[in-house]
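File shown: query37.tsv. Contents: TSV, C-alpha atoms.
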```tsv
chain	number	residue	atom	x	y	z
A	1	MET	CA	26.34	26.04	20.94
A	2	ASP	CA	27.15	28.58	18.31
A	3	PHE	CA	25.22	26.59	15.81
A	4	TYR	CA	22.23	26.46	18.14
A	5	PHE	CA	22.40	30.19	18.67
A	6	TYR	CA	22.52	30.95	14.99
A	7	SER	CA	19.78	28.54	14.07
A	8	MET	CA	17.58	30.00	16.79
A	9	ARG	CA	18.29	33.45	15.50
A	10	THR	CA	17.49	32.39	11.96
A	11	LEU	CA	14.31	30.77	13.15
A	12	CYS	CA	13.27	33.90	15.05
A	13	LEU	CA	14.07	36.01	12.05
A	14	LEU	CA	12.09	33.71	9.83
A	15	ILE	CA	9.09	33.84	12.15
A	16	LEU	CA	9.38	37.59	12.26
A	17	ILE	CA	9.42	37.85	8.48
A	18	LEU	CA	6.55	35.44	8.16
A	19	THR	CA	4.37	37.31	10.63
A	20	ALA	CA	5.28	40.58	9.00
A	21	SER	CA	4.29	39.32	5.57
A	22	CYS	CA	1.10	37.92	7.04
A	23	LYS	CA	0.27	41.32	8.40
A	24	GLU	CA	1.01	42.82	5.04
A	25	GLU	CA	-1.36	40.32	3.46
A	26	ASN	CA	-4.10	41.20	5.91
A	27	ARG	CA	-3.71	44.86	5.32
A	28	LYS	CA	-3.98	44.35	1.58
A	29	ASN	CA	-7.25	42.56	2.03
A	30	GLU	CA	-8.69	45.37	4.07
A	31	THR	CA	-10.49	48.06	2.17
A	32	LYS	CA	-11.00	51.57	3.31
A	33	VAL	CA	-14.48	50.61	4.48
A	34	ASP	CA	-13.27	48.77	7.56
A	35	ILE	CA	-15.26	49.52	10.64
A	36	GLU	CA	-13.86	50.75	13.90
A	37	HIS	CA	-16.37	49.80	16.49
A	38	ASN	CA	-14.92	52.04	19.13
A	39	GLU	CA	-15.74	55.20	17.24
A	40	ASP	CA	-19.19	56.63	16.79
A	41	TYR	CA	-19.76	58.03	13.32
A	42	SER	CA	-23.51	58.43	13.58
A	43	THR	CA	-23.10	62.18	14.05
A	44	VAL	CA	-21.46	62.62	10.63
A	45	PRO	CA	-24.01	64.65	8.66
A	46	LEU	CA	-25.67	62.86	5.76
A	47	GLU	CA	-28.51	64.04	3.55
A	48	ILE	CA	-30.88	61.21	2.64
A	49	TYR	CA	-33.39	61.50	-0.19
A	50	ASP	CA	-35.95	59.45	-2.03
A	51	PHE	CA	-36.01	59.91	-5.81
A	52	GLU	CA	-38.40	62.86	-5.64
A	53	GLY	CA	-35.96	64.53	-3.28
A	54	LEU	CA	-32.98	63.71	-5.48
A	55	LYS	CA	-34.58	65.04	-8.69
A	56	PRO	CA	-33.61	68.71	-8.13
A	57	PHE	CA	-29.94	67.60	-8.02
A	58	LEU	CA	-30.24	66.07	-11.48
A	59	LYS	CA	-31.06	69.20	-13.47
A	60	THR	CA	-29.88	72.77	-13.62
A	61	ASN	CA	-30.72	76.18	-15.09
A	62	THR	CA	-27.35	77.64	-14.20
A	63	ASP	CA	-24.08	77.55	-16.18
A	64	LYS	CA	-22.65	74.92	-13.89
A	65	ILE	CA	-21.55	71.44	-14.99
A	66	TYR	CA	-22.61	68.67	-12.65
A	67	VAL	CA	-20.90	65.31	-12.38
A	68	VAL	CA	-23.13	62.87	-10.51
A	69	ASN	CA	-21.61	59.53	-9.57
A	70	PHE	CA	-23.75	56.65	-8.28
A	71	TRP	CA	-21.71	54.45	-5.95
A	72	ALA	CA	-21.71	52.46	-2.72
A	73	THR	CA	-19.07	51.55	-0.15
A	74	TRP	CA	-19.52	47.84	-0.99
A	75	CYS	CA	-18.86	48.40	-4.70
A	76	ALA	CA	-15.15	47.79	-5.31
A	77	PRO	CA	-14.89	49.42	-8.76
A	78	CYS	CA	-16.75	52.46	-7.35
A	79	ILE	CA	-14.28	52.84	-4.49
A	80	LYS	CA	-11.42	52.53	-6.93
A	81	GLU	CA	-12.58	55.43	-9.09
A	82	LEU	CA	-13.86	57.64	-6.26
A	83	PRO	CA	-10.50	59.44	-5.81
A	84	TYR	CA	-10.71	60.56	-9.46
A	85	PHE	CA	-14.04	62.22	-8.78
A	86	GLU	CA	-12.54	63.86	-5.72
A	87	ASP	CA	-9.59	65.11	-7.77
A	88	LEU	CA	-11.92	66.35	-10.49
A	89	ASN	CA	-13.96	68.23	-7.92
A	90	SER	CA	-10.98	70.06	-6.47
A	91	THR	CA	-9.22	70.71	-9.80
A	92	TYR	CA	-12.27	71.95	-11.69
A	93	ARG	CA	-14.17	73.70	-8.91
A	94	ASP	CA	-13.11	77.13	-10.18
A	95	LYS	CA	-14.23	76.14	-13.69
A	96	ASN	CA	-17.81	75.77	-12.57
A	97	VAL	CA	-17.76	71.98	-12.21
A	98	GLU	CA	-19.36	70.33	-9.20
A	99	VAL	CA	-19.23	66.67	-8.23
A	100	LEU	CA	-22.11	64.98	-6.40
A	101	LEU	CA	-21.62	61.50	-4.99
A	102	VAL	CA	-24.93	59.63	-4.65
A	103	SER	CA	-24.53	56.66	-2.33
A	104	LEU	CA	-26.70	53.60	-2.83
A	105	ASP	CA	-25.60	51.97	0.40
A	106	PHE	CA	-28.28	50.13	2.35
A	107	PRO	CA	-29.82	52.45	4.97
A	108	LYS	CA	-28.85	50.04	7.75
A	109	LYS	CA	-25.21	50.54	6.71
A	110	TYR	CA	-25.25	54.36	6.84
A	111	ASP	CA	-23.83	54.58	10.35
A	112	SER	CA	-21.58	51.53	10.19
A	113	HIS	CA	-20.12	51.90	6.68
A	114	LEU	CA	-21.06	55.03	4.76
A	115	LYS	CA	-20.49	57.70	7.40
A	116	PRO	CA	-17.16	56.23	8.55
A	117	PHE	CA	-16.09	56.06	4.90
A	118	ILE	CA	-16.96	59.73	4.30
A	119	LYS	CA	-15.13	60.77	7.44
A	120	LYS	CA	-12.01	58.61	7.05
A	121	ASN	CA	-11.49	59.51	3.41
A	122	ASN	CA	-12.23	63.19	4.05
A	123	LEU	CA	-14.52	63.35	1.03
A	124	ASN	CA	-14.74	66.92	-0.16
A	125	SER	CA	-17.39	66.38	-2.81
A	126	LYS	CA	-20.97	66.57	-1.65
A	127	VAL	CA	-22.32	63.15	-0.67
A	128	VAL	CA	-26.02	62.33	-0.49
A	129	ALA	CA	-27.73	58.97	0.02
A	130	LEU	CA	-30.56	57.75	-2.18
A	131	ASP	CA	-33.01	55.57	-0.29
A	132	ASP	CA	-35.83	54.61	-2.61
A	133	ASN	CA	-36.95	51.04	-3.17
A	134	ASP	CA	-38.79	51.71	-6.39
A	135	SER	CA	-35.66	51.39	-8.49
A	136	ASN	CA	-37.70	50.08	-11.41
A	137	SER	CA	-39.11	53.61	-11.73
A	138	TRP	CA	-36.12	55.79	-10.93
A	139	ILE	CA	-33.36	53.91	-12.77
A	140	PRO	CA	-34.87	54.55	-16.24
A	141	ALA	CA	-35.88	58.07	-15.11
A	142	ILE	CA	-32.23	58.88	-14.39
A	143	HIS	CA	-31.29	57.49	-17.79
A	144	PRO	CA	-33.06	55.08	-20.18
A	145	ASP	CA	-29.77	53.27	-20.90
A	146	TRP	CA	-28.98	52.49	-17.27
A	147	SER	CA	-29.27	48.77	-16.50
A	148	GLY	CA	-28.90	49.44	-12.79
A	149	ALA	CA	-25.28	48.33	-12.45
A	150	ILE	CA	-22.95	50.61	-10.54
A	151	PRO	CA	-20.69	52.50	-10.88
A	152	ALA	CA	-22.71	54.82	-13.09
A	153	THR	CA	-22.14	58.49	-13.81
A	154	LEU	CA	-24.24	61.33	-15.15
A	155	ILE	CA	-22.65	64.53	-16.48
A	156	PHE	CA	-24.90	67.42	-17.39
A	157	ASN	CA	-25.28	71.14	-17.77
A	158	LYS	CA	-28.40	73.08	-18.75
A	159	ASP	CA	-28.02	72.11	-22.42
A	160	LYS	CA	-26.80	68.55	-22.54
A	161	ARG	CA	-26.63	65.33	-20.64
A	162	GLN	CA	-24.38	62.28	-20.88
A	163	PHE	CA	-24.77	59.01	-19.06
A	164	TYR	CA	-22.05	56.41	-18.47
A	165	GLU	CA	-22.50	52.90	-17.12
A	166	ARG	CA	-18.80	52.23	-16.78
A	167	THR	CA	-15.69	52.93	-14.73
A	168	PHE	CA	-13.31	55.81	-15.33
A	169	THR	CA	-9.65	56.62	-15.02
A	170	TYR	CA	-8.93	60.23	-14.09
A	171	GLU	CA	-7.89	61.02	-17.67
A	172	GLU	CA	-11.06	59.52	-19.10
A	173	LEU	CA	-13.23	61.39	-16.65
A	174	GLU	CA	-11.42	64.66	-17.33
A	175	ALA	CA	-11.83	64.15	-21.09
A	176	GLU	CA	-15.59	63.74	-20.70
A	177	VAL	CA	-15.89	66.85	-18.55
A	178	LYS	CA	-13.79	68.87	-20.98
A	179	GLN	CA	-16.39	68.20	-23.67
A	180	PHE	CA	-18.81	70.15	-21.51
A	181	LEU	CA	-16.38	72.99	-20.87
A	182	ASN	CA	-15.93	73.92	-24.52
B	1	MET	CA	2.75	36.91	-8.90
B	2	LYS	CA	0.33	39.01	-6.92
B	3	ASN	CA	1.37	42.03	-8.96
B	4	ILE	CA	0.89	40.22	-12.24
B	5	LYS	CA	-2.60	39.24	-11.17
B	6	GLY	CA	-3.22	42.84	-10.21
B	7	ILE	CA	-2.06	44.08	-13.58
B	8	ILE	CA	-4.22	41.51	-15.38
B	9	ALA	CA	-7.17	42.64	-13.27
B	10	VAL	CA	-6.56	46.30	-14.06
B	11	VAL	CA	-6.22	45.54	-17.77
B	12	ALA	CA	-9.44	43.54	-17.62
B	13	ILE	CA	-11.26	46.40	-15.91
B	14	VAL	CA	-9.96	48.92	-18.43
B	15	MET	CA	-11.00	46.68	-21.32
B	16	LEU	CA	-14.37	46.10	-19.74
B	17	SER	CA	-14.96	49.82	-19.33
B	18	GLY	CA	-14.02	50.33	-22.96
B	19	PHE	CA	-16.52	47.77	-24.13
B	20	ALA	CA	-19.30	48.80	-21.78
B	21	THR	CA	-20.81	51.09	-24.38
B	22	MET	CA	-21.29	48.21	-26.82
B	23	LYS	CA	-24.71	47.11	-25.64
B	24	SER	CA	-25.97	43.74	-26.69
B	25	GLY	CA	-27.76	40.80	-25.21
B	26	TYR	CA	-31.21	39.31	-25.32
B	27	LYS	CA	-34.50	41.06	-25.73
B	28	ILE	CA	-37.86	39.57	-24.86
B	29	GLY	CA	-38.71	36.89	-27.42
B	30	ASP	CA	-35.10	35.99	-28.28
B	31	ILE	CA	-33.93	32.39	-28.00
B	32	ALA	CA	-31.41	32.01	-25.18
B	33	THR	CA	-28.30	29.96	-25.69
B	34	ASP	CA	-27.81	26.74	-23.78
B	35	PHE	CA	-24.53	26.24	-21.92
B	36	LYS	CA	-22.41	23.60	-20.28
B	37	LEU	CA	-21.08	24.97	-17.02
B	38	GLU	CA	-19.51	23.40	-13.97
B	39	ASN	CA	-21.71	23.05	-10.94
B	40	ILE	CA	-20.52	23.18	-7.32
B	41	ASP	CA	-20.68	19.34	-7.25
B	42	GLY	CA	-18.15	19.14	-10.10
B	43	LYS	CA	-20.70	17.98	-12.68
B	44	MET	CA	-21.44	19.88	-15.87
B	45	VAL	CA	-24.96	21.30	-16.20
B	46	SER	CA	-26.88	22.27	-19.34
B	47	LEU	CA	-30.47	23.43	-19.79
B	48	SER	CA	-30.95	20.47	-22.13
B	49	ASP	CA	-30.40	18.12	-19.15
B	50	TYR	CA	-33.81	19.14	-17.85
B	51	LYS	CA	-36.06	17.00	-20.07
B	52	ASP	CA	-39.22	17.62	-18.04
B	53	ALA	CA	-38.79	21.35	-17.44
B	54	LYS	CA	-41.27	23.80	-18.95
B	55	GLY	CA	-38.72	26.55	-18.64
B	56	PHE	CA	-36.11	28.03	-16.37
B	57	ILE	CA	-35.48	30.80	-13.90
B	58	VAL	CA	-31.87	31.65	-14.80
B	59	ILE	CA	-30.34	33.94	-12.18
B	60	PHE	CA	-26.93	35.58	-12.48
B	61	THR	CA	-25.79	35.94	-8.89
B	62	CYS	CA	-22.66	35.70	-6.76
B	63	ASN	CA	-21.31	35.49	-3.23
B	64	THR	CA	-19.85	38.93	-2.91
B	65	CYS	CA	-22.57	41.33	-4.03
B	66	PRO	CA	-24.66	42.65	-1.13
B	67	TYR	CA	-27.73	42.76	-3.38
B	68	SER	CA	-27.26	39.10	-4.28
B	69	VAL	CA	-26.83	38.19	-0.63
B	70	ALA	CA	-29.97	40.14	0.24
B	71	TYR	CA	-31.87	38.00	-2.27
B	72	GLU	CA	-30.44	34.56	-1.42
B	73	ASP	CA	-33.37	33.41	0.68
B	74	ARG	CA	-35.81	34.63	-1.96
B	75	ILE	CA	-33.89	32.75	-4.68
B	76	ILE	CA	-34.13	29.55	-2.64
B	77	ALA	CA	-37.86	30.21	-2.14
B	78	LEU	CA	-38.32	30.65	-5.91
B	79	ASP	CA	-36.74	27.26	-6.59
B	80	LYS	CA	-38.79	25.58	-3.88
B	81	LYS	CA	-41.98	27.04	-5.28
B	82	TYR	CA	-41.37	26.61	-9.01
B	83	ALA	CA	-38.99	23.67	-9.57
B	84	SER	CA	-41.84	21.22	-9.02
B	85	LYS	CA	-44.03	23.24	-11.38
B	86	GLY	CA	-41.47	22.90	-14.16
B	87	TYR	CA	-39.48	26.13	-13.70
B	88	PRO	CA	-36.32	25.31	-11.74
B	89	VAL	CA	-33.83	27.98	-10.69
B	90	ILE	CA	-30.44	27.79	-12.43
B	91	ALA	CA	-27.97	30.11	-10.71
B	92	ILE	CA	-24.89	31.25	-12.61
B	93	MET	CA	-21.94	33.00	-10.98
B	94	PRO	CA	-20.71	35.31	-13.79
B	95	ASN	CA	-17.73	37.07	-12.20
B	96	ASN	CA	-14.12	36.60	-13.24
B	97	THR	CA	-12.57	35.16	-10.09
B	98	GLU	CA	-9.22	36.72	-10.99
B	99	VAL	CA	-10.90	40.06	-10.40
B	100	GLN	CA	-13.17	38.87	-7.58
B	101	PRO	CA	-11.38	35.95	-5.84
B	102	ARG	CA	-14.04	35.68	-3.14
B	103	ASP	CA	-16.40	34.29	-5.77
B	104	ASN	CA	-14.20	31.30	-6.60
B	105	MET	CA	-15.48	27.73	-6.78
B	106	GLU	CA	-14.48	26.94	-3.20
B	107	ALA	CA	-16.32	30.02	-1.94
B	108	MET	CA	-19.34	29.14	-4.10
B	109	LYS	CA	-19.44	25.62	-2.63
B	110	GLU	CA	-19.19	26.95	0.89
B	111	ARG	CA	-21.91	29.54	0.36
B	112	ALA	CA	-24.25	27.04	-1.29
B	113	LYS	CA	-23.72	24.57	1.55
B	114	ARG	CA	-24.23	27.14	4.28
B	115	LYS	CA	-27.42	28.53	2.72
B	116	GLY	CA	-28.69	25.14	1.57
B	117	PHE	CA	-29.04	25.97	-2.12
B	118	THR	CA	-31.53	23.54	-3.69
B	119	PHE	CA	-30.50	24.47	-7.24
B	120	PRO	CA	-27.35	24.30	-9.37
B	121	TYR	CA	-24.85	27.10	-8.76
B	122	LEU	CA	-22.74	27.22	-11.90
B	123	LYS	CA	-19.50	29.00	-12.64
B	124	ASP	CA	-19.41	30.92	-15.93
B	125	GLU	CA	-15.79	29.99	-16.61
B	126	GLY	CA	-14.21	32.48	-18.99
B	127	GLN	CA	-17.29	34.76	-18.75
B	128	LYS	CA	-18.86	33.39	-21.91
B	129	ILE	CA	-22.53	33.26	-20.97
B	130	SER	CA	-23.42	36.52	-19.20
B	131	PRO	CA	-22.30	38.68	-22.15
B	132	GLN	CA	-24.45	36.62	-24.53
B	133	TYR	CA	-27.46	37.04	-22.28
B	134	GLY	CA	-26.65	40.71	-21.85
B	135	ALA	CA	-26.54	40.47	-18.08
B	136	THR	CA	-24.63	43.40	-16.61
B	137	LYS	CA	-25.09	42.94	-12.91
B	138	THR	CA	-25.87	40.61	-10.06
B	139	PRO	CA	-28.55	39.66	-9.29
B	140	GLU	CA	-30.26	39.60	-12.67
B	141	VAL	CA	-32.98	37.17	-13.74
B	142	TYR	CA	-33.89	35.68	-17.13
B	143	VAL	CA	-37.09	33.66	-17.17
B	144	LEU	CA	-37.02	31.28	-20.14
B	145	GLN	CA	-39.84	29.21	-21.58
B	146	LYS	CA	-39.17	26.01	-23.49
B	147	THR	CA	-40.59	26.22	-27.01
B	148	ASN	CA	-40.06	24.32	-30.27
B	149	LYS	CA	-37.52	26.96	-31.29
B	150	GLY	CA	-35.59	26.72	-28.04
B	151	ASN	CA	-35.62	28.49	-24.69
B	152	GLU	CA	-37.42	31.76	-25.31
B	153	VAL	CA	-36.66	34.79	-23.14
B	154	LYS	CA	-39.88	35.84	-21.41
B	155	TYR	CA	-38.72	38.08	-18.60
B	156	ILE	CA	-35.55	40.06	-17.84
B	157	GLY	CA	-34.85	41.94	-14.67
B	158	ALA	CA	-35.21	42.05	-10.92
B	159	ILE	CA	-36.68	39.45	-8.57
B	160	ASP	CA	-39.06	41.90	-6.91
B	161	ASP	CA	-39.41	45.57	-6.05
B	162	ASN	CA	-37.81	45.67	-2.61
B	163	TYR	CA	-34.22	44.54	-2.15
B	164	GLN	CA	-34.13	45.78	1.43
B	165	ASP	CA	-37.12	44.08	2.94
B	166	ALA	CA	-38.68	40.89	1.65
B	167	THR	CA	-41.76	41.48	3.80
B	168	ALA	CA	-42.41	44.88	2.20
B	169	VAL	CA	-42.39	43.65	-1.39
B	170	GLU	CA	-45.33	44.90	-3.46
B	171	SER	CA	-44.57	43.37	-6.86
B	172	LYS	CA	-43.01	39.93	-7.12
B	173	TYR	CA	-41.86	40.38	-10.71
B	174	VAL	CA	-40.40	36.91	-11.29
B	175	GLU	CA	-43.26	35.07	-9.57
B	176	ASN	CA	-45.78	37.10	-11.57
B	177	ALA	CA	-43.96	36.24	-14.79
B	178	VAL	CA	-43.73	32.50	-14.08
B	179	ASP	CA	-47.34	32.37	-12.83
B	180	ALA	CA	-48.42	34.02	-16.08
B	181	LEU	CA	-46.46	31.47	-18.14
B	182	LEU	CA	-47.92	28.59	-16.13
B	183	SER	CA	-51.46	29.81	-16.69
B	184	GLY	CA	-50.90	30.81	-20.31
B	185	GLN	CA	-51.50	34.50	-19.64
B	186	PRO	CA	-49.43	37.39	-21.02
B	187	ILE	CA	-46.71	38.71	-18.69
B	188	LYS	CA	-47.67	42.20	-17.52
B	189	GLU	CA	-44.20	43.42	-16.65
B	190	SER	CA	-41.64	41.62	-18.77
B	191	GLN	CA	-38.70	43.93	-18.06
B	192	THR	CA	-37.74	45.61	-14.80
B	193	ARG	CA	-34.66	47.30	-13.44
B	194	ALA	CA	-32.88	47.23	-10.14
B	195	ILE	CA	-29.54	48.30	-8.75
B	196	GLY	CA	-26.89	45.60	-8.74
B	197	CYS	CA	-23.18	44.94	-8.71
B	198	SER	CA	-21.53	45.20	-12.09
B	199	ILE	CA	-20.39	41.79	-13.35
B	200	LYS	CA	-16.61	41.56	-13.07
B	201	LEU	CA	-15.40	40.42	-16.49
```
As structure tokens, the full file:
Amino acid sequence: MDFYFYSMRTLCLLILILTASCKEENRKNETKVDIEHNEDYSTVPLEIYDFEGLKPFLKTNTDKIYVVNFWATWCAPCIKELPYFEDLNSTYRDKNVEVLLVSLDFPKKYDSHLKPFIKKNNLNSKVVALDDNDSNSWIPAIHPDWSGAIPATLIFNKDKRQFYERTFTYEELEAEVKQFLN
Amino acid sequence: MKNIKGIIAVVAIVMLSGFATMKSGYKIGDIATDFKLENIDGKMVSLSDYKDAKGFIVIFTCNTCPYSVAYEDRIIALDKKYASKGYPVIAIMPNNTEVQPRDNMEAMKERAKRKGFTFPYLKDEGQKISPQYGATKTPEVYVLQKTNKGNEVKYIGAIDDNYQDATAVESKYVENAVDALLSGQPIKESQTRAIGCSIKL
């Protein structure tokens, strides 16, 4: 009887552990872009531009330094580095640095993916969406070296411009911005 | 084990980002390398297997990139239209499946079966081929023409000018390029650019 009791207990414990680790596994596979169907995010404000509309954001006459990151919620390496851009924005705001996050999400995913992502991650940097099919024109206009792969980042002030088709760590990103501060 | 994989992935990403500035790859007119890559049916496929082909529509694509998925039906249509004319589609999945497990061979097989791929869907094991071609993203197309010197690169870039809506396409870049090759005309637009998912090396 005792044996039965203990083996049952072990079995229950084992099942418990197994289910727990399963849950853990599931959670790991989830990204921050998961959708909660019971919430309506369509009211989250989002500015949407074609390339003509985006152009004014890509140049400046002021003393500000702009860091423009091209990303999308479906792009895993973009999501990974997004917190660094957020950190940069808050740390360097008083040093005249501003981060702009340009989303390349598909328009049909704005309400279901992009807006929930902005809201859930409390993005402080300005987010705009670029909706322009003529990428063959605007990709080289943004920078001749850009193949079209994302993530991609543009850092500029009124005097110089640097383009990066790569991912960043926070330290790497900070180092690039510091070149503009001196 | 999971953690080790994670660390390897992170190291790979860091290395990739370090090398990203070293641009290389084919330009129009270069001779593209042949390869021997495993297909979803377990057989090895090379360009040289295609004795009767006039050229190839080589497409770097994968399961997990939304842009690739948006183009799947159009890739199938390209093969249906041009394989019989001597320009078959050869699809290559370039991602490192350690970094992007959902692109592994099992997933490739399943996707190909579900969509009814009519063309080989090859795994670039060890990521040897996409860097030589200079492909940086999925989907990315290289139209090759068989010549005495080898398979000459004739077109690099996007499939067409509208990833969102196949019915609203104005320029079918790849079709225009292959049509030009078939009729012996110069290709008007031999290089185009589109947004895509960075290849996970």
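Residues of chain B having any atom within 7 Å of chain A, counting all atoms listed in the file, are Ser17, Ala20, Thr136, Lys137, Asp161, Asn162, Thr192, Arg193, Ala194, Ile195, Gly196, Cys197 and Ser198 of chain B.
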Which is closer to Tyr92 in chain A than all the others in A:Lys64, A:Lys119, A:Lys109, A:Arg161, using all atoms listed in the file? A:Lys64
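Our summary of the geometry notes that CA of Trp71 in chain A is positioned 28.2 Å from CA of Val143 in chain B.
In terms of minimum interatomic distance to Val127 in chain A, A:Glu47 ranks closest within A:Glu47, A:Asp159, A:Glu174, A:Glu86, counting only C-alpha atoms.
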Counting all atoms listed in the file, figure out which residue out of B:Tyr26, B:Phe119, B:Phe35, B:Tyr155 gets nearest to Lys81 in chain B. B:Phe119
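Distance-wise, CA of Tyr110 in chain A and CA of Leu130 in chain A end up 11.0 Å apart.
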Of the residues B:Cys65, B:Leu122, B:Ile28, B:Ala91, which is the one nearest to Ser190 in chain B, using all atoms listed in the file? B:Ile28
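Selection around (-23.3, 30.7, -25.5) with radius 10 Å, counting all atoms listed in the file, yields the residues Ala32, Thr33, Asp34, Phe35, Lys36, Gln127, Lys128, Ile129, Ser130, Pro131, Gln132 and Tyr133 of chain B.
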Box for range 28-32 of chain B: with edges along x, y and z, all listed atoms inside and 6 Å added on each side, what are the centre and edge lengths in Å to one decimal, as lines of an AutoDock Vina configuration file?
```
center_x = -35.1
center_y = 35.8
center_z = -26.6
size_x = 19.3
size_y = 19.6
size_z = 15.4
```
Just how far from CA of Asp52 in chain B is CA of Lys85 in chain B, in Å to one decimal? 10.0 Å
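The shell of residues at most 9 Å from Tyr49 in chain A, with all atoms listed in the file counted and near chain neighbours (fewer than 2 positions) removed, consists of Glu47, Phe51, Glu52, Gly53, Leu54, Val128, Ala129, Leu130, Asp131 and Asp132 of chain A.
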What lies within 12 Å of Lys146 in chain B using all atoms listed in the file, ignoring chain neighbours under 6 positions off, as a VMD selection string? chain B and resid 29 to 34 47 to 48 50 to 57 86 to 87 152 to 154 181 to 182
If we count only C-alpha atoms and set the cut-off at 7 Å, which residues sit around Val141 in chain B, ignoring sequence neighbours fewer than 5 positions away in its own chain? Please answer as a PDB file with C-alpha atoms, keeping the file's coordinate frame.
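Saved as selection_38.pdb:
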```
ATOM      1  CA  ILE B  57     -35.480  30.800 -13.900  1.00  0.00           C
ATOM      2  CA  VAL B  58     -31.870  31.650 -14.800  1.00  0.00           C
ATOM      3  CA  ILE B  59     -30.340  33.940 -12.180  1.00  0.00           C
ATOM      4  CA  PHE B  60     -26.930  35.580 -12.480  1.00  0.00           C
ATOM      5  CA  ILE B 156     -35.550  40.060 -17.840  1.00  0.00           C
ATOM      6  CA  GLY B 157     -34.850  41.940 -14.670  1.00  0.00           C
ATOM      7  CA  ALA B 158     -35.210  42.050 -10.920  1.00  0.00           C
ATOM      8  CA  ILE B 159     -36.680  39.450  -8.570  1.00  0.00           C
TER       9      ILE B 159
END
```
So that I can see what lies close to Asn157 in chain A, please list as a tab-separated table (two decimals) with C-alpha atoms, in the coordinates of the input the residues with an atom at most 12 Å from it, counting all atoms listed in the file and leaving out residues fewer than 2 positions away in the same chain.
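Below you can see out.tsv, which holds the result:
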```
chain	number	residue	atom	x	y	z
A	57	PHE	CA	-29.94	67.60	-8.02
A	58	LEU	CA	-30.24	66.07	-11.48
A	59	LYS	CA	-31.06	69.20	-13.47
A	60	THR	CA	-29.88	72.77	-13.62
A	61	ASN	CA	-30.72	76.18	-15.09
A	62	THR	CA	-27.35	77.64	-14.20
A	63	ASP	CA	-24.08	77.55	-16.18
A	64	LYS	CA	-22.65	74.92	-13.89
A	65	ILE	CA	-21.55	71.44	-14.99
A	66	TYR	CA	-22.61	68.67	-12.65
A	67	VAL	CA	-20.90	65.31	-12.38
A	68	VAL	CA	-23.13	62.87	-10.51
A	96	ASN	CA	-17.81	75.77	-12.57
A	97	VAL	CA	-17.76	71.98	-12.21
A	98	GLU	CA	-19.36	70.33	-9.20
A	154	LEU	CA	-24.24	61.33	-15.15
A	155	ILE	CA	-22.65	64.53	-16.48
A	159	ASP	CA	-28.02	72.11	-22.42
A	160	LYS	CA	-26.80	68.55	-22.54
A	161	ARG	CA	-26.63	65.33	-20.64
A	162	GLN	CA	-24.38	62.28	-20.88
A	177	VAL	CA	-15.89	66.85	-18.55
A	179	GLN	CA	-16.39	68.20	-23.67
A	180	PHE	CA	-18.81	70.15	-21.51
A	181	LEU	CA	-16.38	72.99	-20.87
A	182	ASN	CA	-15.93	73.92	-24.52
```
